[in-house]
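> Here you go, work_14.pdb (PDB, C-alpha atoms, pLDDT in the B column):
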ATOM      1  CA  MET A   1     150.856 131.812 107.489  1.00 90.00           C
ATOM      2  CA  LYS A   2     151.604 129.448 110.336  1.00 96.00           C
ATOM      3  CA  GLY A   3     149.595 129.531 113.541  1.00 98.00           C
ATOM      4  CA  THR A   4     150.804 130.546 116.988  1.00 98.00           C
ATOM      5  CA  LEU A   5     150.987 128.325 120.046  1.00 98.00           C
ATOM      6  CA  TYR A   6     149.604 129.922 123.214  1.00 98.00           C
ATOM      7  CA  GLY A   7     150.489 128.427 126.592  1.00 98.00           C
ATOM      8  CA  ILE A   8     147.402 129.043 128.714  1.00 98.00           C
ATOM      9  CA  SER A   9     147.757 129.025 132.497  1.00 98.00           C
ATOM     10  CA  VAL A  10     144.502 127.787 134.035  1.00 97.00           C
ATOM     11  CA  GLY A  11     145.506 128.115 137.692  1.00 95.00           C
ATOM     12  CA  PRO A  12     145.357 125.399 140.343  1.00 93.00           C
ATOM     13  CA  GLY A  13     141.701 124.422 140.105  1.00 93.00           C
ATOM     14  CA  ASP A  14     139.099 127.155 140.460  1.00 94.00           C
ATOM     15  CA  PRO A  15     137.940 128.226 136.943  1.00 96.00           C
ATOM     16  CA  GLU A  16     137.351 131.749 138.271  1.00 96.00           C
ATOM     17  CA  LEU A  17     141.118 132.145 138.635  1.00 96.00           C
ATOM     18  CA  LEU A  18     141.677 132.161 134.868  1.00 97.00           C
ATOM     19  CA  THR A  19     142.731 135.587 133.622  1.00 97.00           C
ATOM     20  CA  LEU A  20     140.715 137.550 131.069  1.00 98.00           C
ATOM     21  CA  LYS A  21     143.551 137.082 128.601  1.00 98.00           C
ATOM     22  CA  ALA A  22     143.437 133.308 129.060  1.00 98.00           C
ATOM     23  CA  VAL A  23     139.660 133.268 128.579  1.00 98.00           C
ATOM     24  CA  ASN A  24     139.805 135.441 125.461  1.00 98.00           C
ATOM     25  CA  LEU A  25     142.499 133.304 123.833  1.00 98.00           C
ATOM     26  CA  LEU A  26     140.673 130.080 124.640  1.00 98.00           C
ATOM     27  CA  ARG A  27     137.617 131.526 122.920  1.00 98.00           C
ATOM     28  CA  ALA A  28     139.655 132.631 119.898  1.00 97.00           C
ATOM     29  CA  CYS A  29     141.791 129.548 119.229  1.00 98.00           C
ATOM     30  CA  PRO A  30     140.195 126.822 117.096  1.00 98.00           C
ATOM     31  CA  VAL A  31     142.366 124.115 118.658  1.00 98.00           C
ATOM     32  CA  VAL A  32     142.775 123.452 122.379  1.00 98.00           C
ATOM     33  CA  ALA A  33     145.604 121.088 123.340  1.00 98.00           C
ATOM     34  CA  THR A  34     145.549 119.381 126.700  1.00 96.00           C
ATOM     35  CA  PRO A  35     147.829 117.000 128.596  1.00 93.00           C
ATOM     36  CA  VAL A  36     146.168 113.671 129.358  1.00 90.00           C
ATOM     37  CA  THR A  37     147.172 111.169 132.025  1.00 77.00           C
ATOM     38  CA  ALA A  38     147.379 107.428 131.645  1.00 66.00           C
ATOM     39  CA  GLY A  39     143.930 107.211 133.213  1.00 74.00           C
ATOM     40  CA  GLY A  40     142.511 109.483 130.535  1.00 80.00           C
ATOM     41  CA  LYS A  41     142.075 112.470 132.839  1.00 83.00           C
ATOM     42  CA  THR A  42     142.332 115.986 131.424  1.00 91.00           C
ATOM     43  CA  LEU A  43     142.312 118.123 134.549  1.00 91.00           C
ATOM     44  CA  ALA A  44     143.634 121.330 132.946  1.00 95.00           C
ATOM     45  CA  LEU A  45     140.996 121.063 130.212  1.00 97.00           C
ATOM     46  CA  ASP A  46     138.243 120.449 132.764  1.00 95.00           C
ATOM     47  CA  ILE A  47     139.240 123.612 134.619  1.00 96.00           C
ATOM     48  CA  ALA A  48     139.298 125.653 131.408  1.00 97.00           C
ATOM     49  CA  ALA A  49     135.895 124.281 130.407  1.00 97.00           C
ATOM     50  CA  GLY A  50     134.510 125.656 133.652  1.00 96.00           C
ATOM     51  CA  ALA A  51     135.284 129.166 132.415  1.00 96.00           C
ATOM     52  CA  VAL A  52     134.917 128.925 128.620  1.00 97.00           C
ATOM     53  CA  ASP A  53     132.506 127.130 126.283  1.00 96.00           C
ATOM     54  CA  LEU A  54     134.866 124.874 124.289  1.00 96.00           C
ATOM     55  CA  SER A  55     132.199 123.245 122.135  1.00 95.00           C
ATOM     56  CA  GLY A  56     133.023 123.272 118.438  1.00 94.00           C
ATOM     57  CA  LYS A  57     136.773 123.333 119.014  1.00 97.00           C
ATOM     58  CA  GLU A  58     139.209 120.553 118.203  1.00 97.00           C
ATOM     59  CA  ILE A  59     140.466 119.034 121.447  1.00 97.00           C
ATOM     60  CA  LEU A  60     143.992 117.763 120.884  1.00 97.00           C
ATOM     61  CA  THR A  61     145.077 115.356 123.634  1.00 95.00           C
ATOM     62  CA  LEU A  62     148.777 115.068 124.370  1.00 95.00           C
ATOM     63  CA  ASP A  63     150.211 112.117 126.291  1.00 90.00           C
ATOM     64  CA  PHE A  64     152.730 112.945 129.014  1.00 86.00           C
ATOM     65  CA  PRO A  65     153.594 109.700 130.830  1.00 76.00           C
ATOM     66  CA  MET A  66     154.362 109.818 134.552  1.00 74.00           C
ATOM     67  CA  THR A  67     157.757 108.160 134.332  1.00 73.00           C
ATOM     68  CA  ARG A  68     161.397 108.885 135.097  1.00 75.00           C
ATOM     69  CA  ASP A  69     162.526 107.145 131.922  1.00 79.00           C
ATOM     70  CA  HIS A  70     164.240 110.050 130.169  1.00 86.00           C
ATOM     71  CA  ALA A  71     164.059 108.444 126.740  1.00 90.00           C
ATOM     72  CA  ALA A  72     160.318 107.865 127.092  1.00 87.00           C
ATOM     73  CA  LEU A  73     159.813 111.438 128.284  1.00 88.00           C
ATOM     74  CA  ARG A  74     161.776 112.905 125.386  1.00 91.00           C
ATOM     75  CA  ALA A  75     159.796 110.792 122.932  1.00 93.00           C
ATOM     76  CA  SER A  76     156.483 111.953 124.409  1.00 91.00           C
ATOM     77  CA  HIS A  77     157.564 115.590 124.286  1.00 94.00           C
ATOM     78  CA  ARG A  78     158.576 115.248 120.644  1.00 95.00           C
ATOM     79  CA  ALA A  79     155.312 113.519 119.758  1.00 96.00           C
ATOM     80  CA  ALA A  80     153.312 116.268 121.493  1.00 96.00           C
ATOM     81  CA  ALA A  81     155.280 119.002 119.722  1.00 97.00           C
ATOM     82  CA  ASP A  82     154.790 117.317 116.350  1.00 97.00           C
ATOM     83  CA  ALA A  83     151.038 117.000 116.920  1.00 97.00           C
ATOM     84  CA  VAL A  84     150.799 120.704 117.733  1.00 98.00           C
ATOM     85  CA  ALA A  85     153.078 121.621 114.803  1.00 98.00           C
ATOM     86  CA  ALA A  86     150.727 119.860 112.377  1.00 98.00           C
ATOM     87  CA  ARG A  87     147.942 122.284 113.379  1.00 98.00           C
ATOM     88  CA  LEU A  88     150.248 125.302 113.323  1.00 98.00           C
ATOM     89  CA  ASP A  89     151.424 124.385 109.829  1.00 98.00           C
ATOM     90  CA  GLY A  90     147.783 124.447 108.746  1.00 97.00           C
ATOM     91  CA  GLY A  91     147.489 128.047 109.914  1.00 97.00           C
ATOM     92  CA  GLN A  92     145.559 127.274 113.094  1.00 98.00           C
ATOM     93  CA  ASP A  93     146.342 128.886 116.426  1.00 98.00           C
ATOM     94  CA  VAL A  94     146.602 126.390 119.291  1.00 98.00           C
ATOM     95  CA  ALA A  95     145.873 127.060 122.958  1.00 98.00           C
ATOM     96  CA  MET A  96     147.634 124.536 125.190  1.00 98.00           C
ATOM     97  CA  VAL A  97     146.196 124.482 128.705  1.00 98.00           C
ATOM     98  CA  ASN A  98     148.448 123.966 131.686  1.00 96.00           C
ATOM     99  CA  LEU A  99     147.762 123.638 135.405  1.00 93.00           C
ATOM    100  CA  GLY A 100     148.945 126.522 137.547  1.00 94.00           C
ATOM    101  CA  ASP A 101     151.304 128.833 135.675  1.00 96.00           C
ATOM    102  CA  VAL A 102     153.062 127.886 132.443  1.00 96.00           C
ATOM    103  CA  SER A 103     156.433 128.991 133.855  1.00 95.00           C
ATOM    104  CA  VAL A 104     156.368 126.775 136.973  1.00 93.00           C
ATOM    105  CA  TYR A 105     157.020 123.014 136.613  1.00 90.00           C
ATOM    106  CA  SER A 106     154.871 122.970 133.471  1.00 91.00           C
ATOM    107  CA  THR A 107     154.354 120.331 130.811  1.00 90.00           C
ATOM    108  CA  PHE A 108     153.907 123.194 128.362  1.00 95.00           C
ATOM    109  CA  ALA A 109     157.569 124.198 128.752  1.00 95.00           C
ATOM    110  CA  TYR A 110     158.822 121.041 127.025  1.00 94.00           C
ATOM    111  CA  VAL A 111     156.591 121.559 123.993  1.00 96.00           C
ATOM    112  CA  MET A 112     157.449 125.258 123.887  1.00 97.00           C
ATOM    113  CA  GLN A 113     161.193 124.628 123.799  1.00 97.00           C
ATOM    114  CA  LEU A 114     160.932 122.146 120.950  1.00 97.00           C
ATOM    115  CA  LEU A 115     158.629 124.297 118.843  1.00 98.00           C
ATOM    116  CA  GLN A 116     160.632 127.457 119.412  1.00 98.00           C
ATOM    117  CA  ALA A 117     163.730 125.576 118.263  1.00 97.00           C
ATOM    118  CA  ASP A 118     161.783 124.614 115.129  1.00 96.00           C
ATOM    119  CA  GLY A 119     160.954 128.260 114.437  1.00 97.00           C
ATOM    120  CA  TYR A 120     157.329 128.447 115.534  1.00 98.00           C
ATOM    121  CA  ALA A 121     155.814 131.444 117.320  1.00 98.00           C
ATOM    122  CA  VAL A 122     154.983 130.726 120.968  1.00 98.00           C
ATOM    123  CA  VAL A 123     153.294 133.022 123.505  1.00 98.00           C
ATOM    124  CA  MET A 124     153.110 132.359 127.253  1.00 98.00           C
ATOM    125  CA  VAL A 125     150.006 133.517 129.125  1.00 98.00           C
ATOM    126  CA  PRO A 126     150.698 133.786 132.872  1.00 97.00           C
ATOM    127  CA  GLY A 127     148.267 132.730 135.562  1.00 97.00           C
ATOM    128  CA  VAL A 128     147.859 131.972 139.258  1.00 95.00           C
ATOM    129  CA  PRO A 129     150.455 129.444 140.501  1.00 94.00           C
ATOM    130  CA  SER A 130     149.296 126.888 143.027  1.00 92.00           C
ATOM    131  CA  PHE A 131     151.433 128.186 145.883  1.00 94.00           C
ATOM    132  CA  CYS A 132     149.830 131.647 145.644  1.00 96.00           C
ATOM    133  CA  ALA A 133     146.359 130.077 145.744  1.00 95.00           C
ATOM    134  CA  VAL A 134     147.462 127.929 148.692  1.00 95.00           C
ATOM    135  CA  ALA A 135     148.661 130.989 150.615  1.00 96.00           C
ATOM    136  CA  ALA A 136     145.288 132.642 149.968  1.00 96.00           C
ATOM    137  CA  ALA A 137     143.404 129.544 151.135  1.00 95.00           C
ATOM    138  CA  LEU A 138     145.465 129.570 154.333  1.00 95.00           C
ATOM    139  CA  GLY A 139     144.961 133.300 154.781  1.00 95.00           C
ATOM    140  CA  GLN A 140     148.645 134.084 155.072  1.00 93.00           C
ATOM    141  CA  SER A 141     151.246 135.937 153.059  1.00 93.00           C
ATOM    142  CA  LEU A 142     154.111 134.047 151.473  1.00 93.00           C
ATOM    143  CA  THR A 143     156.800 136.549 152.405  1.00 91.00           C
ATOM    144  CA  THR A 144     157.483 139.795 154.216  1.00 87.00           C
ATOM    145  CA  MET A 145     159.961 142.512 153.307  1.00 86.00           C
ATOM    146  CA  HIS A 146     163.511 141.166 152.795  1.00 88.00           C
ATOM    147  CA  GLN A 147     162.375 137.561 153.366  1.00 91.00           C
ATOM    148  CA  PRO A 148     163.296 135.154 150.548  1.00 94.00           C
ATOM    149  CA  ILE A 149     161.076 132.416 149.167  1.00 95.00           C
ATOM    150  CA  HIS A 150     162.272 129.039 147.908  1.00 94.00           C
ATOM    151  CA  ILE A 151     160.249 126.672 145.714  1.00 93.00           C
ATOM    152  CA  PHE A 152     161.037 122.952 145.454  1.00 91.00           C
ATOM    153  CA  PRO A 153     159.492 119.817 143.949  1.00 88.00           C
ATOM    154  CA  ALA A 154     159.176 117.821 147.156  1.00 82.00           C
ATOM    155  CA  SER A 155     159.041 114.489 145.354  1.00 74.00           C
ATOM    156  CA  SER A 156     162.542 114.783 143.914  1.00 72.00           C
ATOM    157  CA  GLY A 157     164.452 117.410 145.861  1.00 66.00           C
ATOM    158  CA  PRO A 158     166.918 117.275 148.804  1.00 70.00           C
ATOM    159  CA  THR A 159     164.271 118.212 151.383  1.00 82.00           C
ATOM    160  CA  ALA A 160     166.607 118.543 154.382  1.00 86.00           C
ATOM    161  CA  GLU A 161     168.841 120.982 152.484  1.00 86.00           C
ATOM    162  CA  ALA A 162     165.810 122.952 151.312  1.00 89.00           C
ATOM    163  CA  LEU A 163     164.422 123.280 154.814  1.00 92.00           C
ATOM    164  CA  ALA A 164     167.741 124.650 156.086  1.00 92.00           C
ATOM    165  CA  LEU A 165     167.435 127.728 153.867  1.00 92.00           C
ATOM    166  CA  ARG A 166     166.362 131.034 155.396  1.00 92.00           C
ATOM    167  CA  GLY A 167     162.869 132.279 154.573  1.00 93.00           C
ATOM    168  CA  THR A 168     159.681 130.653 153.311  1.00 95.00           C
ATOM    169  CA  LYS A 169     159.879 127.198 151.768  1.00 94.00           C
ATOM    170  CA  VAL A 170     157.276 125.989 149.260  1.00 95.00           C
ATOM    171  CA  LEU A 171     157.219 122.225 148.718  1.00 93.00           C
ATOM    172  CA  MET A 172     155.160 121.315 145.670  1.00 90.00           C
ATOM    173  CA  LYS A 173     153.824 118.003 144.346  1.00 82.00           C
ATOM    174  CA  THR A 174     154.352 116.281 147.665  1.00 82.00           C
ATOM    175  CA  GLY A 175     152.130 113.252 147.028  1.00 76.00           C
ATOM    176  CA  ARG A 176     153.809 109.933 147.702  1.00 77.00           C
ATOM    177  CA  ALA A 177     156.804 111.639 149.336  1.00 82.00           C
ATOM    178  CA  MET A 178     154.698 112.906 152.259  1.00 86.00           C
ATOM    179  CA  ALA A 179     156.127 110.487 154.841  1.00 85.00           C
ATOM    180  CA  GLU A 180     159.702 111.518 154.000  1.00 88.00           C
ATOM    181  CA  VAL A 181     158.799 115.200 153.851  1.00 89.00           C
ATOM    182  CA  ARG A 182     157.039 115.039 157.213  1.00 89.00           C
ATOM    183  CA  ALA A 183     160.061 113.350 158.795  1.00 90.00           C
ATOM    184  CA  ALA A 184     162.403 115.989 157.399  1.00 91.00           C
ATOM    185  CA  ILE A 185     160.187 118.839 158.628  1.00 92.00           C
ATOM    186  CA  GLU A 186     159.952 117.344 162.110  1.00 92.00           C
ATOM    187  CA  ALA A 187     163.693 116.661 162.219  1.00 93.00           C
ATOM    188  CA  ALA A 188     164.337 120.307 161.342  1.00 93.00           C
ATOM    189  CA  GLY A 189     162.054 121.451 164.161  1.00 93.00           C
ATOM    190  CA  LEU A 190     159.705 123.216 161.728  1.00 94.00           C
ATOM    191  CA  ALA A 191     156.478 121.273 162.281  1.00 93.00           C
ATOM    192  CA  GLY A 192     154.924 124.200 164.127  1.00 93.00           C
ATOM    193  CA  LYS A 193     155.638 126.514 161.189  1.00 94.00           C
ATOM    194  CA  THR A 194     154.124 124.243 158.535  1.00 94.00           C
ATOM    195  CA  ALA A 195     150.735 124.332 156.793  1.00 95.00           C
ATOM    196  CA  LEU A 196     149.455 122.753 153.592  1.00 93.00           C
ATOM    197  CA  VAL A 197     146.558 122.548 151.174  1.00 94.00           C
ATOM    198  CA  GLN A 198     145.550 119.461 149.252  1.00 91.00           C
ATOM    199  CA  ASN A 199     143.754 119.804 145.886  1.00 90.00           C
ATOM    200  CA  CYS A 200     143.620 123.584 146.143  1.00 91.00           C
ATOM    201  CA  GLY A 201     140.628 124.909 144.208  1.00 90.00           C
ATOM    202  CA  LEU A 202     139.492 121.423 143.241  1.00 89.00           C
ATOM    203  CA  PRO A 203     136.720 119.184 144.569  1.00 87.00           C
ATOM    204  CA  GLY A 204     138.027 117.613 147.738  1.00 86.00           C
ATOM    205  CA  GLU A 205     140.143 120.604 148.719  1.00 90.00           C
ATOM    206  CA  LYS A 206     141.515 120.181 152.227  1.00 91.00           C
ATOM    207  CA  VAL A 207     143.174 122.973 154.169  1.00 94.00           C
ATOM    208  CA  CYS A 208     145.536 121.811 156.910  1.00 92.00           C
ATOM    209  CA  ARG A 209     146.795 124.570 159.164  1.00 93.00           C
ATOM    210  CA  SER A 210     149.188 122.228 160.916  1.00 90.00           C
ATOM    211  CA  LEU A 211     151.181 119.156 159.979  1.00 87.00           C
ATOM    212  CA  ASP A 212     149.163 117.112 162.473  1.00 86.00           C
ATOM    213  CA  GLU A 213     146.026 117.536 160.360  1.00 88.00           C
ATOM    214  CA  ALA A 214     147.621 115.863 157.332  1.00 81.00           C
ATOM    215  CA  SER A 215     147.902 112.121 156.739  1.00 76.00           C
ATOM    216  CA  ASP A 216     150.774 110.435 154.916  1.00 71.00           C
ATOM    217  CA  ASP A 217     148.383 109.277 152.166  1.00 70.00           C
ATOM    218  CA  ILE A 218     147.656 112.540 150.369  1.00 77.00           C
ATOM    219  CA  SER A 219     147.066 113.807 146.855  1.00 78.00           C
ATOM    220  CA  TYR A 220     149.846 114.468 144.347  1.00 79.00           C
ATOM    221  CA  PHE A 221     148.449 118.008 144.171  1.00 83.00           C
ATOM    222  CA  THR A 222     149.493 118.983 147.678  1.00 89.00           C
ATOM    223  CA  THR A 223     151.511 122.105 148.399  1.00 93.00           C
ATOM    224  CA  ILE A 224     153.266 122.671 151.715  1.00 93.00           C
ATOM    225  CA  LEU A 225     154.295 126.039 153.109  1.00 95.00           C
ATOM    226  CA  VAL A 226     157.008 126.214 155.754  1.00 94.00           C
ATOM    227  CA  LYS A 227     157.108 129.798 156.884  1.00 90.00           C
ATOM    228  CA  GLU A 228     159.534 131.182 159.452  1.00 79.00           C
TER     229      GLU A 228
END
Re-express the file's structure as structure tokens.

Amino acid sequence: MKGTLYGISVGPGDPELLTLKAVNLLRACPVVATPVTAGGKTLALDIAAGAVDLSGKEILTLDFPMTRDHAALRASHRAAADAVAARLDGGQDVAMVNLGDVSVYSTFAYVMQLLQADGYAVVMVPGVPSFCAVAAALGQSLTTMHQPIHIFPASSGPTAEALALRGTKVLMKTGRAMAEVRAAIEAAGLAGKTALVQNCGLPGEKVCRSLDEASDDISYFTTILVKE
């Protein structure tokens, strides 16, 4: 019998935001896979470890380079999928942790697609996405009745076009694009309707209820809400 891969959503930062299902599966799986950055950081794993005792489990680190080289990205995704497949072939269930929710801009999605194509069983475990936690930190709802919501990766999207849409705009992963995003928001006349949270649920969390409170040098993990 082959094992099952579970995509575990760990939320944006606060370990208390993990669901009971996520906690129970992390306890049950003998292998926990985690993305690792070039600097050796395992943020999703650190969050999970704040909710579950992971001692005695195999920690499988998966490299996901921060690059726009498509060939390098595809190679890293294949290598990660193969590393997970080796454990699944041995009959072990694998829990792969992922920041936020596994269905929203997730590294897990790339591994899932490859392994599903190879015939492996994969289960997604939903969690709290960062923009919901950000709205809670700001003390405001994301939408009202009949109001749409639009979600964009601010670092690579057409910000001016996004801001022209009716309803609430969520700009994720702002980071180094903050200067351009700020200019687009101001040009659209929406500065007074903008708020953001940096490192939501993490050490160093900063809640900015206006654009004026934010600097251009901010964390990659910054989510902006533009609410009409």
> Grab the atom CA of Ala48 of chain A to atom CA of Thr174 of chain A distance for me, in Å with one decimal place.
24.1 Å
> With the file shown as input, list the residues that the PyMOL selection byres ((chain A and resi 157-168) around 12) selects, as a PyMOL selection string.
chain A and resi 131+135+140-156+169-174+177-191+193-195+224-228
> Could you jot down the atom CA of Ala109 of chain A to atom CA of Gly91 of chain A separation for me, Å, one decimal place?
21.7 Å
> Please report the interatomic distance between atom CA of Cys132 of chain A and atom CA of Asp53 of chain A in Å with one decimal.
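Computing the Euclidean distance for atom CA of Cys132 of chain A and atom CA of Asp53 of chain A yields 26.4 Å.
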> To verify the selection step, state as an NGL selection string which residues the PyMOL selection byres ((chain A and resi 210) around 7) yields on this input.
:A and (192 or 194-195 or 208-209 or 211-213)
> For this structure, which residues satisfy the selection - the PyMOL selection byres ((chain A and resi 32) around 7) - when it is evaluated on the file as given? I want them as a VMD selection string.
chain A and resid 29 to 31 33 to 34 57 to 60 94 to 96
> Give me, as a compact mmCIF listing (two decimals) with C-alpha atoms, in the frame of the given file, all polymer residues having an atom no more than 12 Å from Gly7 of chain A, counting all atoms listed in the file and skipping those fewer than 6 positions away in the same chain.

# COMPACT_ATOMS: atom_id res chain seq x y z
CA LYS A 21 143.55 137.08 128.60
CA ALA A 22 143.44 133.31 129.06
CA LEU A 25 142.50 133.30 123.83
CA LEU A 26 140.67 130.08 124.64
CA CYS A 29 141.79 129.55 119.23
CA VAL A 32 142.78 123.45 122.38
CA ALA A 33 145.60 121.09 123.34
CA THR A 34 145.55 119.38 126.70
CA PRO A 35 147.83 117.00 128.60
CA ALA A 44 143.63 121.33 132.95
CA VAL A 84 150.80 120.70 117.73
CA ASP A 93 146.34 128.89 116.43
CA VAL A 94 146.60 126.39 119.29
CA ALA A 95 145.87 127.06 122.96
CA MET A 96 147.63 124.54 125.19
CA VAL A 97 146.20 124.48 128.71
CA ASN A 98 148.45 123.97 131.69
CA LEU A 99 147.76 123.64 135.40
CA GLY A 100 148.94 126.52 137.55
CA ASP A 101 151.30 128.83 135.68
CA VAL A 102 153.06 127.89 132.44
CA SER A 103 156.43 128.99 133.85
CA SER A 106 154.87 122.97 133.47
CA THR A 107 154.35 120.33 130.81
CA PHE A 108 153.91 123.19 128.36
CA ALA A 109 157.57 124.20 128.75
CA TYR A 110 158.82 121.04 127.02
CA VAL A 111 156.59 121.56 123.99
CA MET A 112 157.45 125.26 123.89
CA GLN A 113 161.19 124.63 123.80
CA LEU A 115 158.63 124.30 118.84
CA ALA A 121 155.81 131.44 117.32
CA VAL A 122 154.98 130.73 120.97
CA VAL A 123 153.29 133.02 123.50
CA MET A 124 153.11 132.36 127.25
CA VAL A 125 150.01 133.52 129.12
CA PRO A 126 150.70 133.79 132.87
CA GLY A 127 148.27 132.73 135.56
> Segment 68-87 of chain A from the block above, N, CA, C and O atoms, as a PDB file, in the first residue's frame, please?

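The resulting result-v6.pdb:
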ATOM      1  N   ARG A  68      12.454  33.408 -11.198  1.00  0.00           N
ATOM      2  CA  ARG A  68      11.475  33.409 -12.293  1.00  0.00           C
ATOM      3  C   ARG A  68      11.953  32.580 -13.472  1.00  0.00           C
ATOM      4  O   ARG A  68      11.350  32.616 -14.547  1.00  0.00           O
ATOM      5  N   ASP A  69      13.028  31.830 -13.261  1.00  0.00           N
ATOM      6  CA  ASP A  69      13.526  30.905 -14.268  1.00  0.00           C
ATOM      7  C   ASP A  69      12.599  29.690 -14.301  1.00  0.00           C
ATOM      8  O   ASP A  69      12.623  28.855 -13.400  1.00  0.00           O
ATOM      9  N   HIS A  70      11.782  29.592 -15.328  1.00  0.00           N
ATOM     10  CA  HIS A  70      10.763  28.543 -15.381  1.00  0.00           C
ATOM     11  C   HIS A  70      11.373  27.143 -15.390  1.00  0.00           C
ATOM     12  O   HIS A  70      10.810  26.216 -14.785  1.00  0.00           O
ATOM     13  N   ALA A  71      12.495  26.983 -16.065  1.00  0.00           N
ATOM     14  CA  ALA A  71      13.132  25.673 -16.105  1.00  0.00           C
ATOM     15  C   ALA A  71      13.610  25.263 -14.715  1.00  0.00           C
ATOM     16  O   ALA A  71      13.438  24.111 -14.295  1.00  0.00           O
ATOM     17  N   ALA A  72      14.201  26.215 -13.996  1.00  0.00           N
ATOM     18  CA  ALA A  72      14.670  25.929 -12.637  1.00  0.00           C
ATOM     19  C   ALA A  72      13.503  25.619 -11.711  1.00  0.00           C
ATOM     20  O   ALA A  72      13.591  24.724 -10.856  1.00  0.00           O
ATOM     21  N   LEU A  73      12.402  26.321 -11.875  1.00  0.00           N
ATOM     22  CA  LEU A  73      11.222  26.072 -11.048  1.00  0.00           C
ATOM     23  C   LEU A  73      10.645  24.683 -11.319  1.00  0.00           C
ATOM     24  O   LEU A  73      10.316  23.941 -10.388  1.00  0.00           O
ATOM     25  N   ARG A  74      10.528  24.335 -12.594  1.00  0.00           N
ATOM     26  CA  ARG A  74       9.994  23.017 -12.936  1.00  0.00           C
ATOM     27  C   ARG A  74      10.881  21.908 -12.384  1.00  0.00           C
ATOM     28  O   ARG A  74      10.384  20.886 -11.879  1.00  0.00           O
ATOM     29  N   ALA A  75      12.189  22.114 -12.463  1.00  0.00           N
ATOM     30  CA  ALA A  75      13.120  21.107 -11.943  1.00  0.00           C
ATOM     31  C   ALA A  75      12.976  20.953 -10.434  1.00  0.00           C
ATOM     32  O   ALA A  75      13.012  19.832  -9.905  1.00  0.00           O
ATOM     33  N   SER A  76      12.803  22.069  -9.730  1.00  0.00           N
ATOM     34  CA  SER A  76      12.650  21.998  -8.269  1.00  0.00           C
ATOM     35  C   SER A  76      11.337  21.332  -7.892  1.00  0.00           C
ATOM     36  O   SER A  76      11.273  20.561  -6.921  1.00  0.00           O
ATOM     37  N   HIS A  77      10.289  21.589  -8.643  1.00  0.00           N
ATOM     38  CA  HIS A  77       8.999  20.962  -8.359  1.00  0.00           C
ATOM     39  C   HIS A  77       9.074  19.447  -8.575  1.00  0.00           C
ATOM     40  O   HIS A  77       8.547  18.666  -7.776  1.00  0.00           O
ATOM     41  N   ARG A  78       9.763  19.054  -9.641  1.00  0.00           N
ATOM     42  CA  ARG A  78       9.904  17.623  -9.919  1.00  0.00           C
ATOM     43  C   ARG A  78      10.747  16.941  -8.843  1.00  0.00           C
ATOM     44  O   ARG A  78      10.420  15.836  -8.398  1.00  0.00           O
ATOM     45  N   ALA A  79      11.810  17.602  -8.417  1.00  0.00           N
ATOM     46  CA  ALA A  79      12.668  17.031  -7.381  1.00  0.00           C
ATOM     47  C   ALA A  79      11.899  16.884  -6.067  1.00  0.00           C
ATOM     48  O   ALA A  79      12.030  15.874  -5.365  1.00  0.00           O
ATOM     49  N   ALA A  80      11.080  17.891  -5.732  1.00  0.00           N
ATOM     50  CA  ALA A  80      10.284  17.824  -4.507  1.00  0.00           C
ATOM     51  C   ALA A  80       9.269  16.694  -4.595  1.00  0.00           C
ATOM     52  O   ALA A  80       9.089  15.924  -3.639  1.00  0.00           O
ATOM     53  N   ALA A  81       8.597  16.570  -5.736  1.00  0.00           N
ATOM     54  CA  ALA A  81       7.610  15.507  -5.910  1.00  0.00           C
ATOM     55  C   ALA A  81       8.259  14.131  -5.816  1.00  0.00           C
ATOM     56  O   ALA A  81       7.706  13.206  -5.212  1.00  0.00           O
ATOM     57  N   ASP A  82       9.432  13.985  -6.394  1.00  0.00           N
ATOM     58  CA  ASP A  82      10.129  12.694  -6.353  1.00  0.00           C
ATOM     59  C   ASP A  82      10.549  12.332  -4.928  1.00  0.00           C
ATOM     60  O   ASP A  82      10.491  11.166  -4.524  1.00  0.00           O
ATOM     61  N   ALA A  83      10.975  13.347  -4.162  1.00  0.00           N
ATOM     62  CA  ALA A  83      11.374  13.087  -2.775  1.00  0.00           C
ATOM     63  C   ALA A  83      10.174  12.629  -1.951  1.00  0.00           C
ATOM     64  O   ALA A  83      10.287  11.705  -1.134  1.00  0.00           O
ATOM     65  N   VAL A  84       9.030  13.258  -2.166  1.00  0.00           N
ATOM     66  CA  VAL A  84       7.819  12.848  -1.458  1.00  0.00           C
ATOM     67  C   VAL A  84       7.375  11.465  -1.926  1.00  0.00           C
ATOM     68  O   VAL A  84       6.995  10.605  -1.115  1.00  0.00           O
ATOM     69  N   ALA A  85       7.440  11.223  -3.238  1.00  0.00           N
ATOM     70  CA  ALA A  85       7.017   9.931  -3.797  1.00  0.00           C
ATOM     71  C   ALA A  85       7.809   8.773  -3.205  1.00  0.00           C
ATOM     72  O   ALA A  85       7.269   7.675  -2.997  1.00  0.00           O
ATOM     73  N   ALA A  86       9.089   8.996  -2.929  1.00  0.00           N
ATOM     74  CA  ALA A  86       9.918   7.928  -2.352  1.00  0.00           C
ATOM     75  C   ALA A  86       9.363   7.482  -1.001  1.00  0.00           C
ATOM     76  O   ALA A  86       9.382   6.293  -0.669  1.00  0.00           O
ATOM     77  N   ARG A  87       8.840   8.418  -0.214  1.00  0.00           N
ATOM     78  CA  ARG A  87       8.240   8.054   1.084  1.00  0.00           C
ATOM     79  C   ARG A  87       6.872   7.402   0.878  1.00  0.00           C
ATOM     80  O   ARG A  87       6.537   6.434   1.569  1.00  0.00           O
TER      81      ARG A  87
END
